[in-house]
$ cat run10.txt   # compact mmCIF, C-alpha atoms
# COMPACT_ATOMS: atom_id res chain seq x y z
CA MET A 1 234.20 -139.72 103.13
CA ASP A 2 233.15 -136.27 104.24
CA TYR A 3 231.16 -134.21 101.71
CA ARG A 4 230.96 -130.43 101.67
CA GLN A 5 229.04 -127.79 99.76
CA LEU A 6 231.09 -126.22 96.99
CA GLY A 7 231.04 -122.59 98.03
CA SER A 8 227.51 -121.21 98.13
CA SER A 9 226.31 -123.64 95.45
CA GLY A 10 224.10 -126.69 95.92
CA LEU A 11 226.84 -129.00 94.63
CA ARG A 12 228.23 -131.40 97.24
CA VAL A 13 231.82 -132.52 96.70
CA PRO A 14 234.01 -134.99 98.58
CA ALA A 15 236.70 -133.70 100.94
CA LEU A 16 239.22 -135.53 98.75
CA SER A 17 239.05 -135.40 94.96
CA PHE A 18 241.33 -136.97 92.38
CA GLY A 19 243.49 -135.04 89.92
CA THR A 20 244.28 -136.68 86.60
CA ALA A 21 247.39 -134.81 85.45
CA THR A 22 249.09 -138.23 85.61
CA PHE A 23 246.75 -139.59 82.91
CA GLY A 24 248.03 -139.73 79.35
CA GLY A 25 251.67 -138.83 79.93
CA LYS A 26 252.26 -136.90 76.70
CA GLY A 27 255.22 -134.54 76.50
CA ALA A 28 258.24 -134.07 78.74
CA PHE A 29 256.41 -132.11 81.44
CA PHE A 30 253.32 -134.27 81.94
CA GLY A 31 255.23 -137.42 81.13
CA ALA A 32 257.30 -136.74 84.26
CA TRP A 33 254.09 -136.62 86.31
CA GLY A 34 252.76 -139.98 85.22
CA GLN A 35 251.66 -142.07 82.27
CA SER A 36 248.48 -143.86 83.34
CA ASP A 37 246.59 -145.42 80.45
CA ALA A 38 242.85 -146.19 80.37
CA ALA A 39 243.19 -149.58 82.08
CA GLU A 40 245.27 -148.20 84.96
CA ALA A 41 243.00 -145.16 85.20
CA ARG A 42 239.95 -147.41 85.57
CA ARG A 43 241.66 -149.25 88.41
CA LEU A 44 242.50 -145.99 90.19
CA LEU A 45 238.94 -144.77 89.73
CA ASP A 46 237.62 -148.04 91.18
CA ILE A 47 239.67 -147.43 94.32
CA CYS A 48 238.54 -143.81 94.51
CA LEU A 49 234.86 -144.65 94.14
CA ASP A 50 235.12 -147.40 96.75
CA ALA A 51 236.48 -144.76 99.15
CA GLY A 52 233.77 -142.21 98.29
CA VAL A 53 235.94 -140.00 96.07
CA THR A 54 233.54 -138.92 93.33
CA LEU A 55 235.10 -135.74 91.90
CA PHE A 56 237.75 -136.10 89.17
CA ASP A 57 239.67 -133.06 87.97
CA THR A 58 241.42 -132.65 84.63
CA ALA A 59 242.23 -129.95 82.04
CA ASP A 60 242.41 -129.71 78.28
CA VAL A 61 246.09 -128.76 78.49
CA TYR A 62 247.04 -131.89 80.46
CA SER A 63 249.01 -134.02 77.98
CA ASP A 64 247.46 -132.05 75.12
CA GLY A 65 244.00 -133.47 75.76
CA ALA A 66 245.11 -137.04 76.47
CA SER A 67 244.21 -136.74 80.17
CA GLU A 68 240.60 -135.93 79.27
CA GLU A 69 240.52 -138.83 76.81
CA VAL A 70 241.83 -141.32 79.37
CA LEU A 71 239.45 -140.02 82.03
CA GLY A 72 236.57 -140.28 79.58
CA ALA A 73 237.41 -143.92 78.88
CA ALA A 74 237.72 -144.64 82.62
CA ILE A 75 234.28 -143.22 83.47
CA LYS A 76 232.49 -144.85 80.54
CA GLY A 77 229.42 -146.68 81.77
CA ARG A 78 229.39 -144.91 85.14
CA ARG A 79 229.08 -141.25 84.26
CA ASP A 80 226.22 -140.70 86.70
CA ALA A 81 228.40 -141.90 89.60
CA VAL A 82 231.08 -139.23 89.13
CA LEU A 83 231.57 -135.49 88.97
CA VAL A 84 233.89 -134.25 86.22
CA SER A 85 235.82 -131.02 86.56
CA THR A 86 237.93 -129.69 83.71
CA LYS A 87 239.78 -126.47 82.99
CA THR A 88 240.51 -124.42 79.89
CA GLY A 89 242.21 -121.17 78.96
CA LEU A 90 245.90 -122.09 78.71
CA PRO A 91 247.42 -122.44 75.22
CA MET A 92 246.47 -125.55 73.25
CA GLY A 93 248.31 -124.48 70.12
CA ASP A 94 250.15 -121.62 68.44
CA GLY A 95 247.15 -119.94 66.83
CA PRO A 96 245.53 -116.71 68.07
CA GLN A 97 242.32 -118.60 68.99
CA ASP A 98 244.12 -121.44 70.79
CA TRP A 99 244.33 -119.76 74.18
CA GLY A 100 242.40 -117.45 76.48
CA ALA A 101 238.76 -117.09 77.51
CA SER A 102 237.09 -115.31 74.62
CA ARG A 103 233.60 -116.41 73.59
CA ALA A 104 234.95 -118.15 70.51
CA ARG A 105 237.69 -119.90 72.45
CA LEU A 106 235.44 -121.04 75.31
CA LEU A 107 232.68 -122.41 73.09
CA ARG A 108 235.17 -124.32 70.98
CA ALA A 109 237.15 -125.56 73.99
CA VAL A 110 234.06 -126.88 75.78
CA GLU A 111 232.92 -128.79 72.69
CA ALA A 112 236.40 -130.32 72.35
CA SER A 113 236.48 -131.30 76.04
CA LEU A 114 233.04 -132.89 75.80
CA ARG A 115 234.21 -134.99 72.85
CA ARG A 116 237.37 -136.13 74.61
CA LEU A 117 235.52 -136.91 77.83
CA GLY A 118 232.74 -138.73 76.01
CA THR A 119 230.01 -136.90 77.92
CA ASP A 120 227.27 -134.37 77.26
CA HIS A 121 228.05 -132.10 80.21
CA ILE A 122 230.84 -130.87 82.45
CA ASP A 123 229.96 -130.68 86.13
CA LEU A 124 232.47 -127.94 86.88
CA LEU A 125 234.24 -125.81 84.27
CA GLN A 126 237.11 -123.66 85.52
CA LEU A 127 239.05 -120.94 83.74
CA HIS A 128 242.63 -122.14 84.09
CA ALA A 129 244.16 -118.66 84.30
CA TYR A 130 243.15 -115.02 84.14
CA ASP A 131 242.86 -113.68 80.57
CA ALA A 132 243.50 -109.93 80.65
CA HIS A 133 242.50 -109.58 76.98
CA THR A 134 238.88 -110.76 77.27
CA PRO A 135 236.30 -108.38 78.81
CA VAL A 136 234.80 -109.89 81.93
CA GLU A 137 231.28 -109.25 80.57
CA GLU A 138 232.08 -111.44 77.56
CA LEU A 139 233.49 -114.16 79.78
CA MET A 140 230.55 -114.28 82.18
CA ALA A 141 227.97 -114.05 79.39
CA THR A 142 229.58 -117.04 77.68
CA LEU A 143 229.56 -119.06 80.89
CA ASP A 144 225.88 -118.18 81.32
CA ARG A 145 225.23 -119.41 77.77
CA LEU A 146 227.02 -122.70 78.41
CA ILE A 147 225.17 -123.29 81.67
CA ALA A 148 221.79 -122.45 80.09
CA ALA A 149 222.55 -124.94 77.32
CA GLY A 150 223.20 -127.68 79.90
CA LYS A 151 226.77 -128.23 78.72
CA VAL A 152 228.21 -126.88 81.98
CA ARG A 153 226.63 -127.24 85.42
CA TYR A 154 228.81 -124.91 87.51
CA ALA A 155 231.65 -122.50 86.74
CA GLY A 156 234.78 -121.50 88.61
CA VAL A 157 238.31 -120.24 88.09
CA SER A 158 241.85 -121.31 88.85
CA ASN A 159 244.88 -119.23 89.85
CA TYR A 160 242.91 -115.97 89.65
CA PRO A 161 243.85 -112.65 91.24
CA GLY A 162 241.38 -111.58 93.88
CA TRP A 163 240.37 -108.32 92.23
CA GLN A 164 239.47 -110.05 88.98
CA LEU A 165 237.46 -112.77 90.74
CA MET A 166 235.52 -110.07 92.61
CA LYS A 167 234.94 -108.18 89.36
CA ALA A 168 233.50 -111.33 87.75
CA GLN A 169 231.12 -111.82 90.69
CA ALA A 170 229.94 -108.22 90.43
CA VAL A 171 229.26 -108.57 86.70
CA ALA A 172 227.32 -111.78 87.29
CA ASP A 173 225.20 -110.08 89.95
CA ARG A 174 224.54 -107.07 87.74
CA HIS A 175 223.19 -109.20 84.89
CA GLY A 176 221.61 -112.01 86.88
CA TRP A 177 224.09 -114.57 85.53
CA PRO A 178 225.38 -117.57 87.53
CA ARG A 179 228.17 -116.67 89.93
CA LEU A 180 231.52 -118.41 90.14
CA VAL A 181 231.39 -121.02 92.90
CA ALA A 182 234.91 -122.48 92.91
CA HIS A 183 238.52 -121.35 92.88
CA GLN A 184 241.21 -123.97 92.27
CA VAL A 185 244.23 -122.71 94.19
CA TYR A 186 247.69 -123.70 95.30
CA TYR A 187 247.62 -124.16 99.09
CA SER A 188 249.84 -126.27 101.32
CA LEU A 189 251.86 -126.17 104.50
CA ILE A 190 254.74 -124.70 102.48
CA GLY A 191 252.51 -122.34 100.48
CA ARG A 192 249.96 -120.43 102.56
CA ALA A 193 249.63 -117.27 100.46
CA TYR A 194 246.03 -118.26 99.70
CA GLU A 195 245.16 -117.16 103.24
CA TRP A 196 246.25 -113.57 102.78
CA GLU A 197 243.55 -112.29 100.39
CA LEU A 198 241.89 -115.08 98.44
CA MET A 199 240.59 -116.91 101.51
CA PRO A 200 238.77 -113.88 102.99
CA LEU A 201 237.35 -113.12 99.53
CA ALA A 202 236.16 -116.73 99.17
CA ALA A 203 234.46 -116.64 102.56
CA ASP A 204 232.73 -113.36 101.72
CA GLN A 205 231.67 -114.37 98.21
CA GLY A 206 230.76 -118.02 98.74
CA VAL A 207 233.58 -119.45 96.63
CA GLY A 208 234.84 -122.90 97.60
CA ALA A 209 238.54 -123.71 97.33
CA LEU A 210 239.67 -126.77 95.40
CA VAL A 211 243.26 -127.22 96.50
CA TRP A 212 245.85 -128.27 93.94
CA SER A 213 249.29 -129.61 94.86
CA PRO A 214 248.44 -129.98 98.58
CA LEU A 215 251.79 -131.74 99.10
CA GLY A 216 253.75 -128.73 97.90
CA TRP A 217 254.61 -129.98 94.41
CA GLY A 218 255.71 -133.34 95.79
CA ARG A 219 257.93 -131.89 98.51
CA LEU A 220 255.78 -133.08 101.45
CA THR A 221 255.76 -136.78 100.64
CA GLY A 222 258.11 -137.74 103.46
CA LYS A 223 260.90 -138.52 101.01
CA ILE A 224 262.63 -135.15 101.41
CA GLY A 225 264.11 -133.85 104.67
CA ARG A 226 267.15 -132.20 106.22
CA ASP A 227 269.31 -135.23 105.59
CA ARG A 228 267.35 -136.49 102.59
CA PRO A 229 267.78 -134.61 99.28
CA ILE A 230 265.43 -135.08 96.35
CA PRO A 231 265.61 -138.81 95.57
CA ALA A 232 266.57 -140.20 92.19
CA GLY A 233 263.51 -140.74 90.05
CA SER A 234 261.53 -137.90 91.62
CA ARG A 235 259.61 -135.77 89.13
CA LEU A 236 261.00 -132.74 90.96
CA HIS A 237 264.22 -133.14 88.99
CA ASP A 238 262.24 -132.30 85.85
CA THR A 239 259.50 -130.03 87.19
CA ALA A 240 260.92 -128.08 90.16
CA ALA A 241 261.50 -125.01 87.99
CA PHE A 242 257.72 -124.75 87.45
CA ALA A 243 256.83 -125.18 91.14
CA PRO A 244 255.80 -122.39 93.51
CA PRO A 245 259.02 -121.32 95.27
CA VAL A 246 259.98 -122.27 98.81
CA THR A 247 263.20 -121.72 100.70
CA GLU A 248 265.12 -124.75 101.86
CA GLU A 249 264.98 -123.75 105.52
CA HIS A 250 261.22 -123.17 105.42
CA LEU A 251 260.69 -126.55 103.78
CA TYR A 252 262.81 -128.34 106.37
CA ARG A 253 261.11 -126.55 109.25
CA VAL A 254 257.71 -127.73 108.00
CA VAL A 255 258.94 -131.26 107.31
CA ASP A 256 260.39 -131.48 110.84
CA ALA A 257 256.98 -130.56 112.28
CA LEU A 258 255.17 -132.97 109.96
CA GLU A 259 257.44 -135.84 110.93
CA ALA A 260 256.91 -135.13 114.63
CA VAL A 261 253.12 -135.16 114.22
CA ALA A 262 253.28 -138.24 112.01
CA ALA A 263 255.18 -140.07 114.76
CA GLU A 264 252.59 -139.01 117.35
CA THR A 265 249.61 -140.10 115.25
CA GLY A 266 251.04 -143.17 113.54
CA ARG A 267 250.14 -141.59 110.20
CA SER A 268 252.30 -140.89 107.16
CA VAL A 269 253.69 -137.43 106.44
CA PRO A 270 251.38 -136.95 103.40
CA GLN A 271 248.34 -137.97 105.45
CA VAL A 272 249.15 -135.38 108.10
CA ALA A 273 249.74 -132.65 105.49
CA LEU A 274 246.43 -133.41 103.78
CA ASN A 275 244.48 -133.64 107.04
CA TRP A 276 245.72 -130.19 108.08
CA LEU A 277 244.12 -128.74 104.94
CA PHE A 278 240.68 -130.27 105.58
CA ARG A 279 240.14 -127.96 108.57
CA ARG A 280 241.11 -124.73 106.83
CA PRO A 281 238.38 -122.17 106.19
CA THR A 282 236.73 -122.20 102.71
CA VAL A 283 238.41 -125.46 101.63
CA ALA A 284 235.80 -127.61 99.88
CA SER A 285 238.00 -130.36 98.45
CA VAL A 286 241.67 -131.27 98.39
CA ILE A 287 242.86 -132.67 95.05
CA ILE A 288 245.20 -135.63 95.34
CA GLY A 289 247.13 -137.28 92.53
CA ALA A 290 248.74 -140.67 92.31
CA ARG A 291 250.94 -142.49 89.86
CA ASP A 292 250.14 -145.89 91.35
CA GLU A 293 247.75 -147.73 93.65
CA ALA A 294 250.01 -147.63 96.72
CA GLN A 295 250.37 -143.86 96.55
CA LEU A 296 246.63 -143.43 96.11
CA ARG A 297 245.75 -145.67 99.06
CA ASP A 298 248.16 -143.79 101.31
CA ASN A 299 246.60 -140.45 100.36
CA LEU A 300 243.11 -141.84 100.99
CA GLY A 301 244.22 -142.54 104.55
CA ALA A 302 244.14 -138.80 105.23
CA VAL A 303 240.38 -138.95 105.94
CA GLY A 304 238.45 -140.45 108.85
CA TRP A 305 240.52 -138.97 111.68
CA ALA A 306 241.50 -135.54 113.01
CA LEU A 307 244.58 -133.76 114.21
CA SER A 308 244.46 -132.48 117.79
CA PRO A 309 244.37 -128.70 118.42
CA GLU A 310 247.95 -128.93 119.73
CA GLN A 311 249.15 -130.69 116.58
CA ILE A 312 247.42 -128.14 114.36
CA ALA A 313 249.03 -125.33 116.36
CA ALA A 314 252.47 -126.91 115.92
CA LEU A 315 251.99 -127.19 112.15
CA ASP A 316 250.63 -123.64 111.98
CA ALA A 317 253.65 -122.28 113.82
CA ALA A 318 256.16 -124.17 111.70
CA SER A 319 254.58 -123.11 108.41
CA GLU A 320 253.67 -119.49 109.21
CA GLU A 321 255.26 -116.81 107.05
CA LEU A 322 254.93 -113.05 107.34
CA PRO A 323 252.72 -111.88 104.46
CA PRO A 324 253.63 -108.91 102.26
CA TYR A 325 252.08 -105.45 102.36
CA PRO A 326 249.22 -104.61 102.74
CA HIS A 327 248.33 -107.80 104.62
CA THR A 328 251.06 -107.63 107.26
CA PRO A 329 249.44 -105.06 109.58
CA TYR A 330 246.22 -107.06 109.88
CA ARG A 331 248.07 -110.24 110.78
CA GLN A 332 250.14 -108.39 113.36
CA GLN A 333 247.16 -106.61 114.92
CA GLU A 334 244.73 -109.51 115.26
CA GLY A 335 246.56 -112.74 114.54
CA PHE A 336 245.21 -115.31 112.13
CA ALA A 337 243.90 -117.53 114.94
CA ARG A 338 241.39 -114.84 115.92
CA LEU A 339 240.62 -113.90 112.32
CA ALA A 340 239.98 -117.44 111.06
CA PRO A 341 236.60 -118.02 112.78
CA ARG A 342 235.14 -115.12 110.82
CA LEU A 343 236.13 -116.83 107.57
CA VAL A 344 234.09 -119.99 108.09

$ encode --input "run10.txt" --output "structure tokens"
Amino acid sequence: MDYRQLGSSGLRVPALSFGTATFGGKGAFFGAWGQSDAAEARRLLDICLDAGVTLFDTADVYSDGASEEVLGAAIKGRRDAVLVSTKTGLPMGDGPQDWGASRARLLRAVEASLRRLGTDHIDLLQLHAYDAHTPVEELMATLDRLIAAGKVRYAGVSNYPGWQLMKAQAVADRHGWPRLVAHQVYYSLIGRAYEWELMPLAADQGVGALVWSPLGWGRLTGKIGRDRPIPAGSRLHDTAAFAPPVTEEHLYRVVDALEAVAAETGRSVPQVALNWLFRRPTVASVIIGARDEAQLRDNLGAVGWALSPEQIAALDAASEELPPYPHTPYRQQEGFARLAPRLV
């Protein structure tokens, strides 16, 4: 397993990490993702640790806290061997204090996550979404308080707009508080909007990307293609409405390129899609998920080899989309291939 620095921090994370949205399985939405209990979770963690995957990502909102509980049971007795990342900020109830990133909400949410996880600290705490109602000074001061207390080691965000992430970094610098070191983002061969603004910001500010849904919300598994509609039993039947959008033609164009490279390399379509992400600027770790052992082992096969420059170019060309204003002129003038080296 390859290990990378998480942004400009001293924390080293594996190139592949494991997402636990499939743990717990409470509710219609997360139940469609997976329903791993503690025993199955322990088995999946065993496989991950054997492969060098040491970072496990969850969130309080996953199955209404059940994901954290199952993960906590799975890491019991081996807490020092793993890194735990969790997220908070999305609604956990109907009350006015049950959502957001206010001081009161964050302090209460962290204590609740620590209880469910059965640990005394969170290695990486991420704000699950931007809260426009909480002043950024209050947010960053609270994160500083949590880090000083030893309850949180590092802080990051997820799904943040670039201007708000930059504002948070500026406030941290002004007060001498810890900076944000991670941004959990959607990024895949069928969703490259991260490159337009957030990637240059991450390179400039030392923020490492943790990539969620690297297989495009389950669309790049090799099961869907021009002559292969969404198969029966796929979670996409229940969750596609919540997925980042993609046109059918764009999806098929990318899948065609993936299948061609998979045939050349003798690798699976998911392995090729994941491997492409490892070489992208600012990417620290790619979060994989699995409902069973076979799926996990296939995803783990994405490491230990490299795509050729020609194969990367073919995937780039198939997945490229013209970005919106104001990014379009810069892409047209320089081309991303010449811009990318400056982002490393």

$ residues_around --input "run10.txt" --residues "Glu310 (chain A)" --least-positions-apart "6" --cutoff "12 Å" --atoms "all atoms listed in the file" --output "number ranges by chain"
A: 257, 261, 264, 276, 316-317

$ closest_atom_pairs --input "run10.txt" --of "region 108-205 of chain A" --to "region 269-275 of chain A" --cutoff "10 Å" --atoms "all atoms listed in the file" --output "tab-separated table"
residue	atom	partner	partner_atom	distance
A:Ser188	CA	A:Ala273	CA	7.6
A:Leu189	CA	A:Ala273	CA	6.9
A:Ile190	CA	A:Ala273	CA	9.9

$ residues_around --input "run10.txt" --residues "Gly191 (chain A)" --least-positions-apart "2" --cutoff "12 Å" --atoms "all atoms listed in the file" --output "mmCIF file with C-alpha atoms, in the coordinates of the input"
data_model
loop_
_atom_site.group_PDB
_atom_site.id
_atom_site.type_symbol
_atom_site.label_atom_id
_atom_site.label_comp_id
_atom_site.auth_asym_id
_atom_site.auth_seq_id
_atom_site.Cartn_x
_atom_site.Cartn_y
_atom_site.Cartn_z
ATOM 1 C CA VAL A 185 244.230 -122.710 94.190
ATOM 2 C CA TYR A 186 247.690 -123.700 95.300
ATOM 3 C CA TYR A 187 247.620 -124.160 99.090
ATOM 4 C CA SER A 188 249.840 -126.270 101.320
ATOM 5 C CA LEU A 189 251.860 -126.170 104.500
ATOM 6 C CA ALA A 193 249.630 -117.270 100.460
ATOM 7 C CA TYR A 194 246.030 -118.260 99.700
ATOM 8 C CA GLU A 195 245.160 -117.160 103.240
ATOM 9 C CA TRP A 196 246.250 -113.570 102.780
ATOM 10 C CA VAL A 211 243.260 -127.220 96.500
ATOM 11 C CA TRP A 212 245.850 -128.270 93.940
ATOM 12 C CA SER A 213 249.290 -129.610 94.860
ATOM 13 C CA PRO A 214 248.440 -129.980 98.580
ATOM 14 C CA LEU A 215 251.790 -131.740 99.100
ATOM 15 C CA GLY A 216 253.750 -128.730 97.900
ATOM 16 C CA TRP A 217 254.610 -129.980 94.410
ATOM 17 C CA ARG A 219 257.930 -131.890 98.510
ATOM 18 C CA LEU A 220 255.780 -133.080 101.450
ATOM 19 C CA ALA A 243 256.830 -125.180 91.140
ATOM 20 C CA PRO A 244 255.800 -122.390 93.510
ATOM 21 C CA PRO A 245 259.020 -121.320 95.270
ATOM 22 C CA VAL A 246 259.980 -122.270 98.810
ATOM 23 C CA THR A 247 263.200 -121.720 100.700
ATOM 24 C CA HIS A 250 261.220 -123.170 105.420
ATOM 25 C CA LEU A 251 260.690 -126.550 103.780
ATOM 26 C CA VAL A 254 257.710 -127.730 108.000
ATOM 27 C CA ALA A 273 249.740 -132.650 105.490
ATOM 28 C CA LEU A 277 244.120 -128.740 104.940
ATOM 29 C CA ASP A 316 250.630 -123.640 111.980
ATOM 30 C CA ALA A 318 256.160 -124.170 111.700
ATOM 31 C CA SER A 319 254.580 -123.110 108.410
ATOM 32 C CA GLU A 320 253.670 -119.490 109.210
ATOM 33 C CA GLU A 321 255.260 -116.810 107.050
ATOM 34 C CA LEU A 322 254.930 -113.050 107.340
ATOM 35 C CA PRO A 323 252.720 -111.880 104.460
#

$ residues_around --input "run10.txt" --residues "Thr54 (chain A)" --least-positions-apart "6" --cutoff "9 Å" --atoms "all atoms listed in the file" --output "count of residues only"
11

$ residues_around --input "run10.txt" --residues "Gly150 (chain A)" --least-positions-apart "4" --cutoff "9 Å" --atoms "only C-alpha atoms" --output "PyMOL selection string"
chain A and resi 120-122+145-146

$ write_last_selection --input "run10.txt" --atoms "C-alpha atoms" --output "mmCIF file, keeping the file's coordinate frame"
data_model
loop_
_atom_site.group_PDB
_atom_site.id
_atom_site.type_symbol
_atom_site.label_atom_id
_atom_site.label_comp_id
_atom_site.auth_asym_id
_atom_site.auth_seq_id
_atom_site.Cartn_x
_atom_site.Cartn_y
_atom_site.Cartn_z
ATOM 1 C CA ASP A 120 227.270 -134.370 77.260
ATOM 2 C CA HIS A 121 228.050 -132.100 80.210
ATOM 3 C CA ILE A 122 230.840 -130.870 82.450
ATOM 4 C CA ARG A 145 225.230 -119.410 77.770
ATOM 5 C CA LEU A 146 227.020 -122.700 78.410
#

$ residues_around --input "run10.txt" --residues "Thr86 (chain A)" --least-positions-apart "6" --cutoff "7 Å" --atoms "only C-alpha atoms" --output "JSON, numbers by chain"
{"A": [57, 58, 59, 124, 125, 126]}

$ atom_distance --input "run10.txt" --atom1 "CA of Pro326 (chain A)" --atom2 "CA of Pro200 (chain A)"
14.0 Å

$ closest_residue --input "run10.txt" --among "A:Arg4, A:His128, A:Arg43, A:Arg12" --to "Asp60 (chain A)" --atoms "all atoms listed in the file"
A:His128

$ atom_distance --input "run10.txt" --atom1 "CA of Gly95 (chain A)" --atom2 "CA of Gly65 (chain A)"
16.5 Å

$ closest_residue --input "run10.txt" --among "A:Leu315, A:Leu210, A:Leu180, A:Ala290" --to "Glu40 (chain A)" --atoms "only C-alpha atoms"
A:Ala290
